[in-house]
>>> print(open('my_file23.cif').read())   # mmCIF, N, CA and C atoms
data_final
#
loop_
_atom_site.label_atom_id
_atom_site.label_comp_id
_atom_site.auth_asym_id
_atom_site.auth_seq_id
_atom_site.Cartn_x
_atom_site.Cartn_y
_atom_site.Cartn_z
N MET A 138 -20.88 -55.36 56.93
CA MET A 138 -21.21 -55.69 55.57
C MET A 138 -22.73 -55.69 55.46
N ILE A 139 -23.25 -55.02 54.43
CA ILE A 139 -24.69 -54.96 54.21
C ILE A 139 -24.98 -55.25 52.74
N THR A 140 -25.95 -56.10 52.48
CA THR A 140 -26.45 -56.31 51.12
C THR A 140 -27.96 -56.22 51.14
N THR A 141 -28.52 -55.82 50.01
CA THR A 141 -29.97 -55.70 49.92
C THR A 141 -30.46 -56.38 48.65
N SER A 142 -31.72 -56.78 48.69
CA SER A 142 -32.41 -57.31 47.51
C SER A 142 -33.83 -56.78 47.55
N GLU A 143 -34.66 -57.27 46.64
CA GLU A 143 -36.05 -56.82 46.60
C GLU A 143 -36.81 -57.18 47.87
N VAL A 144 -36.42 -58.27 48.52
CA VAL A 144 -37.20 -58.78 49.65
C VAL A 144 -36.42 -58.90 50.96
N ALA A 145 -35.13 -58.56 50.95
CA ALA A 145 -34.34 -58.79 52.16
C ALA A 145 -33.21 -57.79 52.30
N VAL A 146 -32.80 -57.60 53.53
CA VAL A 146 -31.61 -56.85 53.87
C VAL A 146 -30.76 -57.77 54.73
N SER A 147 -29.50 -57.93 54.37
CA SER A 147 -28.59 -58.78 55.15
C SER A 147 -27.50 -57.90 55.75
N VAL A 148 -27.21 -58.15 57.02
CA VAL A 148 -26.24 -57.34 57.76
C VAL A 148 -25.33 -58.26 58.54
N THR A 149 -24.06 -57.93 58.59
CA THR A 149 -23.14 -58.66 59.46
C THR A 149 -22.74 -57.76 60.62
N ILE A 150 -22.44 -58.38 61.74
CA ILE A 150 -21.89 -57.65 62.89
C ILE A 150 -20.64 -58.39 63.34
N ASP A 151 -19.72 -57.67 63.94
CA ASP A 151 -18.46 -58.30 64.34
C ASP A 151 -18.38 -58.58 65.84
N ASP A 152 -19.42 -58.20 66.56
CA ASP A 152 -19.42 -58.41 68.01
C ASP A 152 -20.85 -58.78 68.41
N ASN A 153 -21.06 -59.99 68.86
CA ASN A 153 -22.43 -60.44 69.13
C ASN A 153 -22.89 -60.20 70.58
N ARG A 154 -22.16 -59.40 71.32
CA ARG A 154 -22.56 -59.12 72.71
C ARG A 154 -23.95 -58.50 72.79
N PHE A 155 -24.33 -57.72 71.78
CA PHE A 155 -25.62 -57.03 71.79
C PHE A 155 -26.59 -57.62 70.76
N LEU A 156 -26.33 -58.85 70.35
CA LEU A 156 -27.15 -59.48 69.31
C LEU A 156 -28.62 -59.53 69.69
N ASN A 157 -28.93 -59.92 70.91
CA ASN A 157 -30.34 -60.02 71.31
C ASN A 157 -31.04 -58.67 71.22
N GLU A 158 -30.35 -57.61 71.63
CA GLU A 158 -30.94 -56.27 71.55
C GLU A 158 -31.13 -55.83 70.10
N ILE A 159 -30.16 -56.14 69.25
CA ILE A 159 -30.26 -55.79 67.83
C ILE A 159 -31.43 -56.51 67.20
N VAL A 160 -31.56 -57.81 67.46
CA VAL A 160 -32.66 -58.60 66.91
C VAL A 160 -33.99 -58.05 67.40
N ALA A 161 -34.10 -57.77 68.68
CA ALA A 161 -35.35 -57.25 69.24
C ALA A 161 -35.75 -55.93 68.57
N GLU A 162 -34.79 -55.08 68.32
CA GLU A 162 -35.10 -53.79 67.69
C GLU A 162 -35.50 -53.96 66.22
N LEU A 163 -34.85 -54.87 65.51
CA LEU A 163 -35.14 -55.06 64.10
C LEU A 163 -36.43 -55.84 63.84
N GLU A 164 -36.88 -56.63 64.82
CA GLU A 164 -38.09 -57.45 64.64
C GLU A 164 -39.33 -56.62 64.35
N GLN A 165 -39.33 -55.37 64.75
CA GLN A 165 -40.48 -54.52 64.46
C GLN A 165 -40.63 -54.24 62.97
N PHE A 166 -39.57 -54.49 62.19
CA PHE A 166 -39.61 -54.21 60.75
C PHE A 166 -39.86 -55.45 59.90
N GLY A 167 -39.74 -56.64 60.47
CA GLY A 167 -39.95 -57.86 59.69
C GLY A 167 -39.35 -59.07 60.36
N MET A 168 -39.34 -60.18 59.63
CA MET A 168 -38.80 -61.43 60.14
C MET A 168 -37.27 -61.36 60.17
N ILE A 169 -36.68 -61.83 61.25
CA ILE A 169 -35.24 -61.80 61.44
C ILE A 169 -34.71 -63.23 61.52
N GLU A 170 -33.66 -63.52 60.76
CA GLU A 170 -32.96 -64.79 60.84
C GLU A 170 -31.51 -64.49 61.22
N VAL A 171 -30.97 -65.28 62.13
CA VAL A 171 -29.59 -65.10 62.56
C VAL A 171 -28.80 -66.34 62.17
N SER A 172 -27.68 -66.12 61.49
CA SER A 172 -26.76 -67.20 61.14
C SER A 172 -25.43 -66.91 61.81
N GLY A 173 -24.94 -67.87 62.54
CA GLY A 173 -23.65 -67.71 63.21
C GLY A 173 -22.57 -68.47 62.49
N ASN A 174 -21.37 -68.41 63.02
CA ASN A 174 -20.23 -69.17 62.51
C ASN A 174 -19.92 -68.82 61.05
N GLN A 175 -19.85 -67.52 60.77
CA GLN A 175 -19.58 -67.01 59.42
C GLN A 175 -18.30 -66.19 59.45
N SER A 176 -17.61 -66.12 58.31
CA SER A 176 -16.38 -65.32 58.19
C SER A 176 -16.44 -64.46 56.95
N ILE A 177 -15.96 -63.23 57.07
CA ILE A 177 -15.87 -62.32 55.94
C ILE A 177 -14.47 -62.43 55.35
N ILE A 178 -14.42 -62.59 54.04
CA ILE A 178 -13.16 -62.59 53.30
C ILE A 178 -13.19 -61.39 52.37
N CYS A 179 -12.14 -60.59 52.40
CA CYS A 179 -12.06 -59.41 51.54
C CYS A 179 -10.98 -59.61 50.48
N ILE A 180 -11.33 -59.35 49.24
CA ILE A 180 -10.37 -59.36 48.14
C ILE A 180 -10.08 -57.89 47.87
N VAL A 181 -8.84 -57.49 48.00
CA VAL A 181 -8.47 -56.09 47.91
C VAL A 181 -7.48 -55.90 46.77
N GLY A 182 -7.70 -54.85 45.98
CA GLY A 182 -6.79 -54.53 44.89
C GLY A 182 -7.03 -53.11 44.40
N ASN A 183 -6.03 -52.52 43.82
CA ASN A 183 -6.12 -51.16 43.31
C ASN A 183 -7.15 -51.08 42.17
N ARG A 184 -8.20 -50.28 42.38
CA ARG A 184 -9.26 -50.07 41.36
C ARG A 184 -9.84 -51.40 40.90
N LEU A 185 -10.03 -52.30 41.82
CA LEU A 185 -10.52 -53.65 41.55
C LEU A 185 -11.85 -53.64 40.80
N SER A 186 -12.72 -52.69 41.11
CA SER A 186 -14.04 -52.65 40.49
C SER A 186 -13.96 -52.34 39.00
N GLU A 187 -12.85 -51.83 38.52
CA GLU A 187 -12.71 -51.52 37.10
C GLU A 187 -12.18 -52.71 36.30
N LYS A 188 -11.77 -53.76 36.98
CA LYS A 188 -11.22 -54.94 36.29
C LYS A 188 -12.37 -55.76 35.71
N LYS A 189 -12.34 -55.99 34.42
CA LYS A 189 -13.39 -56.76 33.77
C LYS A 189 -13.40 -58.19 34.30
N SER A 190 -14.56 -58.71 34.48
CA SER A 190 -14.82 -60.10 34.89
C SER A 190 -14.23 -60.48 36.24
N VAL A 191 -13.99 -59.51 37.12
CA VAL A 191 -13.39 -59.83 38.41
C VAL A 191 -14.30 -60.72 39.25
N LEU A 192 -15.61 -60.46 39.24
CA LEU A 192 -16.52 -61.32 40.01
C LEU A 192 -16.54 -62.74 39.45
N LYS A 193 -16.49 -62.88 38.15
CA LYS A 193 -16.43 -64.22 37.54
C LYS A 193 -15.19 -64.96 38.02
N GLU A 194 -14.07 -64.27 38.05
CA GLU A 194 -12.83 -64.90 38.52
C GLU A 194 -12.94 -65.32 39.99
N VAL A 195 -13.56 -64.48 40.80
CA VAL A 195 -13.74 -64.80 42.22
C VAL A 195 -14.58 -66.06 42.35
N PHE A 196 -15.74 -66.08 41.70
CA PHE A 196 -16.64 -67.23 41.84
C PHE A 196 -16.08 -68.48 41.18
N ASP A 197 -15.40 -68.33 40.05
CA ASP A 197 -14.76 -69.48 39.43
C ASP A 197 -13.69 -70.06 40.36
N SER A 198 -12.97 -69.20 41.05
CA SER A 198 -11.92 -69.67 41.96
C SER A 198 -12.50 -70.42 43.15
N LEU A 199 -13.64 -69.96 43.64
CA LEU A 199 -14.22 -70.57 44.84
C LEU A 199 -14.81 -71.95 44.59
N GLY A 200 -15.12 -72.26 43.35
CA GLY A 200 -15.62 -73.59 43.03
C GLY A 200 -16.83 -73.99 43.83
N GLU A 201 -16.68 -75.00 44.67
CA GLU A 201 -17.79 -75.58 45.43
C GLU A 201 -18.03 -74.91 46.78
N VAL A 202 -17.26 -73.89 47.14
CA VAL A 202 -17.45 -73.24 48.43
C VAL A 202 -18.71 -72.38 48.38
N PRO A 203 -19.70 -72.66 49.23
CA PRO A 203 -20.92 -71.86 49.22
C PRO A 203 -20.66 -70.44 49.74
N VAL A 204 -21.10 -69.45 48.98
CA VAL A 204 -20.97 -68.05 49.38
C VAL A 204 -22.33 -67.61 49.92
N GLN A 205 -22.33 -67.10 51.15
CA GLN A 205 -23.57 -66.70 51.81
C GLN A 205 -23.99 -65.28 51.45
N MET A 206 -23.01 -64.41 51.13
CA MET A 206 -23.28 -62.99 50.92
C MET A 206 -22.12 -62.38 50.17
N VAL A 207 -22.42 -61.36 49.32
CA VAL A 207 -21.39 -60.63 48.58
C VAL A 207 -21.65 -59.14 48.72
N SER A 208 -20.61 -58.39 48.96
CA SER A 208 -20.71 -56.92 48.97
C SER A 208 -19.67 -56.41 47.98
N TYR A 209 -20.15 -55.69 46.97
CA TYR A 209 -19.29 -55.23 45.89
C TYR A 209 -19.78 -53.89 45.41
N GLY A 210 -18.91 -52.94 45.27
CA GLY A 210 -19.31 -51.65 44.74
C GLY A 210 -19.25 -50.53 45.76
N GLY A 211 -19.18 -50.85 47.03
CA GLY A 211 -19.07 -49.81 48.04
C GLY A 211 -17.71 -49.13 48.00
N SER A 212 -16.74 -49.81 47.42
CA SER A 212 -15.38 -49.29 47.29
C SER A 212 -14.85 -49.76 45.94
N HIS A 213 -14.00 -48.98 45.34
CA HIS A 213 -13.37 -49.39 44.08
C HIS A 213 -12.28 -50.43 44.30
N ASN A 214 -11.94 -50.67 45.56
CA ASN A 214 -10.78 -51.50 45.87
C ASN A 214 -11.07 -52.76 46.65
N ASN A 215 -12.36 -53.13 46.82
CA ASN A 215 -12.66 -54.21 47.75
C ASN A 215 -13.90 -54.99 47.30
N ILE A 216 -13.81 -56.30 47.39
CA ILE A 216 -14.95 -57.20 47.27
C ILE A 216 -14.97 -58.02 48.55
N SER A 217 -16.11 -58.07 49.23
CA SER A 217 -16.23 -58.85 50.45
C SER A 217 -17.19 -60.00 50.22
N ILE A 218 -16.83 -61.16 50.71
CA ILE A 218 -17.72 -62.32 50.63
C ILE A 218 -17.85 -62.93 52.02
N LEU A 219 -18.99 -63.54 52.26
CA LEU A 219 -19.25 -64.20 53.53
C LEU A 219 -19.35 -65.69 53.29
N VAL A 220 -18.58 -66.46 54.03
CA VAL A 220 -18.60 -67.92 53.93
C VAL A 220 -18.74 -68.49 55.33
N GLU A 221 -19.18 -69.74 55.41
CA GLU A 221 -19.22 -70.41 56.70
C GLU A 221 -17.78 -70.57 57.20
N THR A 222 -17.56 -70.31 58.46
CA THR A 222 -16.21 -70.34 59.02
C THR A 222 -15.47 -71.65 58.74
N PRO A 223 -16.12 -72.82 58.81
CA PRO A 223 -15.37 -74.05 58.48
C PRO A 223 -14.86 -74.09 57.03
N GLN A 224 -15.43 -73.26 56.15
CA GLN A 224 -15.00 -73.22 54.75
C GLN A 224 -13.96 -72.12 54.48
N LYS A 225 -13.64 -71.33 55.51
CA LYS A 225 -12.78 -70.16 55.32
C LYS A 225 -11.40 -70.52 54.76
N ASP A 226 -10.70 -71.46 55.36
CA ASP A 226 -9.35 -71.81 54.89
C ASP A 226 -9.39 -72.33 53.46
N LYS A 227 -10.36 -73.17 53.15
CA LYS A 227 -10.49 -73.69 51.80
C LYS A 227 -10.74 -72.54 50.82
N ALA A 228 -11.63 -71.61 51.18
CA ALA A 228 -11.93 -70.47 50.31
C ALA A 228 -10.69 -69.61 50.08
N LEU A 229 -9.95 -69.33 51.15
CA LEU A 229 -8.74 -68.52 51.01
C LEU A 229 -7.71 -69.19 50.11
N ASN A 230 -7.51 -70.49 50.28
CA ASN A 230 -6.57 -71.21 49.43
C ASN A 230 -7.01 -71.21 47.98
N LEU A 231 -8.31 -71.42 47.73
CA LEU A 231 -8.81 -71.42 46.36
C LEU A 231 -8.69 -70.04 45.72
N LEU A 232 -8.95 -68.99 46.48
CA LEU A 232 -8.80 -67.63 45.95
C LEU A 232 -7.34 -67.33 45.63
N ASN A 233 -6.43 -67.76 46.50
CA ASN A 233 -5.00 -67.55 46.22
C ASN A 233 -4.58 -68.25 44.94
N GLU A 234 -5.06 -69.47 44.75
CA GLU A 234 -4.73 -70.22 43.53
C GLU A 234 -5.36 -69.57 42.30
N GLY A 235 -6.66 -69.28 42.38
CA GLY A 235 -7.39 -68.81 41.22
C GLY A 235 -7.11 -67.38 40.83
N LEU A 236 -6.92 -66.49 41.80
CA LEU A 236 -6.73 -65.07 41.49
C LEU A 236 -5.26 -64.68 41.40
N PHE A 237 -4.44 -65.29 42.23
CA PHE A 237 -3.06 -64.86 42.34
C PHE A 237 -2.06 -65.92 41.92
N HIS A 238 -2.58 -67.11 41.57
CA HIS A 238 -1.74 -68.23 41.10
C HIS A 238 -0.66 -68.59 42.12
N LEU A 239 -1.05 -68.54 43.40
CA LEU A 239 -0.11 -68.88 44.49
C LEU A 239 -0.40 -70.26 45.02
#
>>> encode(input="my_file23.cif", output="C-alpha coordinates")
Amino acid sequence: MITTSEVAVSVTIDDNRFLNEIVAELEQFGMIEVSGNQSIICIVGNRLSEKKSVLKEVFDSLGEVPVQMVSYGGSHNNISILVETPQKDKALNLLNEGLFHL
(Lines of atoms letter the chains of each structure in order from A and count residues from 1; the text may use other names and numbers.)
(Lines give C-alpha, C1' and ligand atoms only; values in the text may rest on other atoms or scores of the structure.)
Protein backbone atom coordinates (compact mmCIF):
# COMPACT_ATOMS: atom_id res chain seq x y z
CA MET A 1 0.00 0.00 0.00
CA ILE A 2 1.40 3.41 -0.97
CA THR A 3 0.01 6.89 -0.38
CA THR A 4 1.53 10.25 -1.18
CA SER A 5 1.03 13.85 -0.16
CA GLU A 6 2.82 17.13 -0.78
CA VAL A 7 5.42 16.35 1.88
CA ALA A 8 5.40 12.58 2.45
CA VAL A 9 5.27 9.15 0.92
CA SER A 10 3.87 6.32 3.04
CA VAL A 11 4.55 2.67 2.23
CA THR A 12 3.52 -0.57 3.86
CA ILE A 13 5.43 -3.84 3.69
CA ASP A 14 4.14 -7.27 4.59
CA ASP A 15 7.44 -8.86 5.61
CA ASN A 16 9.82 -6.99 7.92
CA ARG A 17 12.79 -9.35 7.50
CA PHE A 18 14.52 -6.73 5.32
CA LEU A 19 13.20 -3.65 7.13
CA ASN A 20 16.63 -2.42 8.20
CA GLU A 21 17.94 -2.64 4.63
CA ILE A 22 14.85 -0.88 3.25
CA VAL A 23 15.19 1.94 5.81
CA ALA A 24 18.91 2.32 5.11
CA GLU A 25 18.29 2.61 1.38
CA LEU A 26 15.43 5.10 1.74
CA GLU A 27 17.27 7.34 4.25
CA GLN A 28 19.27 8.85 1.42
CA PHE A 29 16.04 10.50 0.20
CA GLY A 30 14.76 11.95 3.49
CA MET A 31 13.65 11.30 7.04
CA ILE A 32 12.21 7.82 7.63
CA GLU A 33 9.70 6.88 10.34
CA VAL A 34 8.72 3.28 10.99
CA SER A 35 5.42 2.33 12.62
CA GLY A 36 4.82 -1.28 13.56
CA ASN A 37 1.80 -3.22 14.73
CA GLN A 38 -0.46 -2.07 11.88
CA SER A 39 -3.12 -3.97 9.88
CA ILE A 40 -4.51 -3.35 6.40
CA ILE A 41 -8.26 -3.70 5.97
CA CYS A 42 -9.64 -3.87 2.43
CA ILE A 43 -13.22 -3.01 1.53
CA VAL A 44 -13.98 -4.78 -1.74
CA GLY A 45 -16.98 -4.36 -4.02
CA ASN A 46 -17.90 -4.34 -7.68
CA ARG A 47 -17.09 -0.88 -9.15
CA LEU A 48 -16.84 0.47 -5.60
CA SER A 49 -15.14 3.68 -6.75
CA GLU A 50 -18.27 4.65 -8.70
CA LYS A 51 -20.50 4.52 -5.61
CA LYS A 52 -21.30 8.02 -4.42
CA SER A 53 -20.21 8.88 -0.87
CA VAL A 54 -18.50 5.52 -0.31
CA LEU A 55 -15.59 7.10 1.59
CA LYS A 56 -18.03 9.01 3.80
CA GLU A 57 -19.79 5.75 4.62
CA VAL A 58 -16.46 4.08 5.44
CA PHE A 59 -15.33 6.87 7.77
CA ASP A 60 -18.77 7.28 9.33
CA SER A 61 -18.79 3.55 10.06
CA LEU A 62 -15.36 3.60 11.68
CA GLY A 63 -16.38 6.24 14.20
CA GLU A 64 -13.60 6.66 16.75
CA VAL A 65 -11.15 4.16 15.21
CA PRO A 66 -8.05 6.11 14.13
CA VAL A 67 -7.15 5.50 10.48
CA GLN A 68 -3.41 5.75 9.81
CA MET A 69 -3.51 5.56 6.00
CA VAL A 70 -5.99 5.27 3.10
CA SER A 71 -5.42 3.98 -0.42
CA TYR A 72 -8.27 4.61 -2.83
CA GLY A 73 -8.39 4.84 -6.59
CA GLY A 74 -5.76 2.31 -7.58
CA SER A 75 -8.61 -0.09 -8.34
CA HIS A 76 -12.29 0.43 -9.07
CA ASN A 77 -13.07 -2.38 -6.64
CA ASN A 78 -11.00 -1.75 -3.51
CA ILE A 79 -10.46 0.72 -0.68
CA SER A 80 -7.62 -0.09 1.72
CA ILE A 81 -7.21 1.42 5.16
CA LEU A 82 -4.45 1.01 7.71
CA VAL A 83 -5.31 0.79 11.41
CA GLU A 84 -3.37 -0.14 14.50
CA THR A 85 -3.61 -3.90 14.94
CA PRO A 86 -5.28 -3.67 18.39
CA GLN A 87 -8.09 -1.70 16.67
CA LYS A 88 -8.52 -4.20 13.80
CA ASP A 89 -11.38 -6.29 15.22
CA LYS A 90 -13.28 -3.20 16.32
CA ALA A 91 -12.81 -1.62 12.87
CA LEU A 92 -13.98 -4.77 11.07
CA ASN A 93 -17.08 -5.04 13.25
CA LEU A 94 -17.92 -1.35 12.77
CA LEU A 95 -17.49 -1.64 8.99
CA ASN A 96 -19.73 -4.72 8.90
CA GLU A 97 -22.41 -2.83 10.83
CA GLY A 98 -22.11 0.45 8.95
CA LEU A 99 -21.60 -0.75 5.38
CA PHE A 100 -23.31 -4.11 5.31
CA HIS A 101 -25.74 -3.85 8.25
CA LEU A 102 -24.44 -7.14 9.66
>>> resolve_selection(input="my_file23.cif", expression="the PyMOL selection byres ((chain A and resi 177-179) around 7)", output="list in words")
Gln175, Ser176, Ile180, Val181, Asn215, Ile216, Ser217, Ile218, Leu219 and Val220 of chain A
>>> atom_distance(input="my_file23.cif", atom1="atom C of Ser212 in chain A", atom2="CA of Val160 in chain A")
28.9 Å
>>> closest_residue(input="my_file23.cif", among="A:Thr222, A:Asn153, A:Asn214, A:Asn233", to="Arg184 in chain A", atoms="only N, CA and C atoms")
A:Asn214
>>> closest_residue(input="my_file23.cif", among="A:Ala228, A:Ile150, A:Ile159, A:Met168", to="Val202 in chain A", atoms="only N, CA and C atoms")
A:Ala228
>>> residues_around(input="my_file23.cif", residues="Asn230 in chain A", least_positions_apart="6", cutoff="8 Å", atoms="only N, CA and C atoms", output="PyMOL selection string")
chain A and resi 198-199+224+236+239
>>> residues_around(input="my_file23.cif", residues="Thr149 in chain A", least_positions_apart="5", cutoff="7 Å", atoms="only N, CA and C atoms", output="list in words")
Met138, Ile139 and Thr140 of chain A
>>> atom_distance(input="my_file23.cif", atom1="CA of Glu158 in chain A", atom2="CA of Gly173 in chain A")
15.9 Å
>>> select_by_dssp(input="my_file23.cif", residues="chain A", states="strand (DSSP E or B)", output="PyMOL selection string")
chain A and resi 139-141+146-148+175-181+204-209+215-221
